[in-house]
Amino acid sequence: MLETNHPFTIALTGGIASGKTVVSDEFAKLGIAVIDADVIAHEIVEPGQPALEEIKHTMGTQFIDKNGQLKRSDLRDLIFSDPKARKHLESILHPQIRQKVRKAIEAVTSAYCILVIPLLADRDVYPYLDRVLVVDVEPDTQVHRLMARDNCNRQQALQVLAAQPSRAQRLEIADEVLNNSGSLTLARDAVARLHKRYTQLATQQR
Ligand SMILES: Nc1ncnc2c1ncn2[C@@H]1O[C@H](COP(=O)(O)OP(=O)(O)OP(=O)(O)O)[C@@H](O)[C@H]1O
Ligand SMILES: [Mg+2]
């Protein structure tokens, strides 16, 4: 159903600390529905949720703490070193994330919606995307903003960057690029321009 009758949907992606949250907050202030795939990914592993139960049953109780919460850092360590475990975990999480995203999109009432997908490497995973907007900054800016925001050192910041898809990979799937290397005011102006464009495109689609 979604492929034919869904709200105009823009994927918002970008590397760590590129400014996705800053940008998506601006769209939200303009009254646009913002759906965050990362937030949904967290929700589905809350205690009592089916994804967490499946992790417990198929990967073991060592990944659940005494309060029933997922031990994220233990699981992260495992999937960094074990590609098979990573695949297995993804086979539990991804279909459930996609289903919840789909439900959230179906409920949208604004002119269009923004779907924040931090690690979008392949747009075919979400066949109903109309546009892909990439928030882009130089890696050096990412490092500086990440260090300032998360209070980490340069080496830690570089490590996180290295584990993500490359800037070139991101730009390859972009329909629009928001260059966020300037001030916050410039970022806000860029969102206002994109808002005009997307409102227009969404209207044309109807
Ligand atoms: N144009 C800008 N000028 C100055 N600082 C900025 C600008 N854009 C974002 N920042 C700051 O950089 C940091 C990273 O921005 P933000 O949290 O929006 O990135 P993100 O892409 O959402 O990161 P993550 O991938 O971790 O979710 C924040 O502290 C934010 O306030
Ligand atoms: Mg963010």
# chains A, B, ... in the order shown; residues from 1 in each chain; ligands from 1
>>> select_by_dssp(residues="range 8-73 of chain A", states="helix (DSSP H, G or I)", output="PyMOL selection string")
chain A and resi 20-29+37-43+50-59+61-63+72-73
>>> residues_near_ligand(ligand="ligand 2", cutoff="8 Å", atoms="only C-alpha atoms and all ligand atoms", output="list in words")
Ile16, Ala17, Gly19, Lys20, Thr21, Val22 and Pro118 of chain A
>>> residues_near_ligand(ligand="ligand 1", cutoff="10 Å", atoms="only C-alpha atoms and all ligand atoms", output="ChimeraX atom specification")
/A:12-25,38,116-119,135-137,141-150,160-161,179-188
>>> write_last_selection(atoms="C-alpha atoms", output="short mmCIF file (atom, residue, chain, number, x, y, z; two decimals), in the first residue's frame")
data_model
loop_
_atom_site.label_atom_id
_atom_site.label_comp_id
_atom_site.auth_asym_id
_atom_site.auth_seq_id
_atom_site.Cartn_x
_atom_site.Cartn_y
_atom_site.Cartn_z
CA LEU A 12 17.73 12.48 6.17
CA THR A 13 21.14 10.97 6.57
CA GLY A 14 24.72 12.00 7.33
CA GLY A 15 27.75 10.91 9.30
CA ILE A 16 28.08 11.16 13.04
CA ALA A 17 27.90 14.73 14.36
CA SER A 18 27.21 16.10 10.88
CA GLY A 19 24.13 17.90 12.21
CA LYS A 20 21.20 15.54 11.52
CA THR A 21 19.51 16.36 14.83
CA VAL A 22 20.03 20.10 14.40
CA VAL A 23 18.55 19.90 10.90
CA SER A 24 15.65 17.58 11.74
CA ASP A 25 14.72 19.79 14.71
CA ASP A 38 17.44 5.26 15.64
CA VAL A 116 16.12 10.21 9.89
CA ILE A 117 18.26 7.20 9.02
CA PRO A 118 21.79 7.78 10.29
CA LEU A 119 23.38 4.88 8.41
CA VAL A 135 23.80 16.57 5.81
CA ASP A 136 27.42 17.04 4.88
CA VAL A 137 30.49 18.48 6.59
CA THR A 141 34.47 19.39 11.30
CA GLN A 142 32.75 16.14 12.32
CA VAL A 143 35.71 15.32 14.56
CA HIS A 144 35.71 18.75 16.20
CA ARG A 145 31.97 18.84 16.80
CA LEU A 146 31.94 15.25 18.05
CA MET A 147 34.76 15.94 20.52
CA ALA A 148 32.97 19.05 21.80
CA ARG A 149 29.55 17.40 22.06
CA ASP A 150 30.53 14.02 23.52
CA VAL A 160 33.76 6.29 15.27
CA LEU A 161 34.13 7.98 11.89
CA ASN A 179 26.36 21.73 3.55
CA ASN A 180 26.47 22.24 7.32
CA SER A 181 29.97 23.60 7.63
CA GLY A 182 28.74 27.14 8.29
CA SER A 183 26.89 28.65 11.23
CA LEU A 184 23.67 27.38 12.80
CA THR A 185 21.90 30.34 11.21
CA LEU A 186 23.06 29.23 7.77
CA ALA A 187 21.83 25.70 8.52
CA ARG A 188 18.43 27.11 9.46
#
>>> closest_residue(among="A:Arg131, A:Lys56, A:Arg98, A:Arg193", to="Leu70 in chain A", atoms="only C-alpha atoms")
A:Lys56
>>> residues_around(residues="Arg102 in chain A", least_positions_apart="3", cutoff="10 Å", atoms="only C-alpha atoms", output="list of chain:residue names")
A:Leu2, A:His6, A:Ile35, A:Gln96, A:Ile97, A:Arg98, A:Gln99, A:Ile105, A:Glu106, A:Ala107, A:Tyr126, A:Tyr128
>>> atom_distance(atom1="CA of Phe63 in chain A", atom2="CA of Gln49 in chain A")
14.7 Å
>>> closest_residue(among="A:Gln155, A:Glu53, A:Ala121, A:Val108", to="Asn5 in chain A", atoms="only C-alpha atoms")
A:Val108
>>> residues_around(residues="Ile55 in chain A", least_positions_apart="5", cutoff="10 Å", atoms="only C-alpha atoms", output="JSON, numbers by chain")
{"A": [45, 50, 60, 61, 63, 64, 70, 88, 89, 92, 93]}
>>> residues_around(residues="Ala85 in chain A", least_positions_apart="4", cutoff="12 Å", atoms="only C-alpha atoms", output="count of residues only")
15
>>> select_by_dssp(residues="range 156-200 of chain A", states="strand (DSSP E or B)", output="mmCIF file with N, CA and C atoms, in the first residue's frame")
data_model
loop_
_atom_site.group_PDB
_atom_site.id
_atom_site.type_symbol
_atom_site.label_atom_id
_atom_site.label_comp_id
_atom_site.auth_asym_id
_atom_site.auth_seq_id
_atom_site.Cartn_x
_atom_site.Cartn_y
_atom_site.Cartn_z
ATOM 1 N N GLU A 176 19.639 15.748 -2.453
ATOM 2 C CA GLU A 176 20.005 17.080 -1.989
ATOM 3 C C GLU A 176 21.116 16.942 -0.956
ATOM 4 N N VAL A 177 22.003 17.940 -0.951
ATOM 5 C CA VAL A 177 23.076 17.961 0.041
ATOM 6 C C VAL A 177 22.958 19.272 0.824
ATOM 7 N N LEU A 178 22.875 19.159 2.144
ATOM 8 C CA LEU A 178 22.894 20.362 2.979
ATOM 9 C C LEU A 178 24.303 20.498 3.548
ATOM 10 N N ASN A 179 25.016 21.491 3.054
ATOM 11 C CA ASN A 179 26.364 21.732 3.549
ATOM 12 C C ASN A 179 26.265 22.430 4.912
#
>>> residues_around(residues="Cys113 in chain A", least_positions_apart="2", cutoff="9 Å", atoms="only C-alpha atoms", output="number ranges by chain")
A: 7-11, 27, 32-35, 105, 108-111, 115
>>> write_last_selection(atoms="C-alpha atoms", output="PDB file, in the first residue's frame")
ATOM      1  CA  PRO A   7       3.208  10.809   2.284  1.00  0.00           C
ATOM      2  CA  PHE A   8       6.110  12.363   0.399  1.00  0.00           C
ATOM      3  CA  THR A   9       9.075  10.954   2.323  1.00  0.00           C
ATOM      4  CA  ILE A  10      12.579  12.352   2.612  1.00  0.00           C
ATOM      5  CA  ALA A  11      15.358  10.309   4.151  1.00  0.00           C
ATOM      6  CA  PHE A  27      12.037  20.702  10.053  1.00  0.00           C
ATOM      7  CA  ILE A  32       6.939  18.621   9.570  1.00  0.00           C
ATOM      8  CA  ALA A  33       6.678  15.093  10.982  1.00  0.00           C
ATOM      9  CA  VAL A  34      10.108  13.711  11.873  1.00  0.00           C
ATOM     10  CA  ILE A  35      10.527   9.959  12.314  1.00  0.00           C
ATOM     11  CA  ILE A 105       4.872   7.013   8.098  1.00  0.00           C
ATOM     12  CA  VAL A 108       1.833  11.264   9.060  1.00  0.00           C
ATOM     13  CA  THR A 109      -0.497  14.222   8.462  1.00  0.00           C
ATOM     14  CA  SER A 110       2.029  16.961   7.527  1.00  0.00           C
ATOM     15  CA  ALA A 111       2.717  17.953   3.897  1.00  0.00           C
ATOM     16  CA  LEU A 115      12.766   9.997   8.095  1.00  0.00           C
TER      17      LEU A 115
END
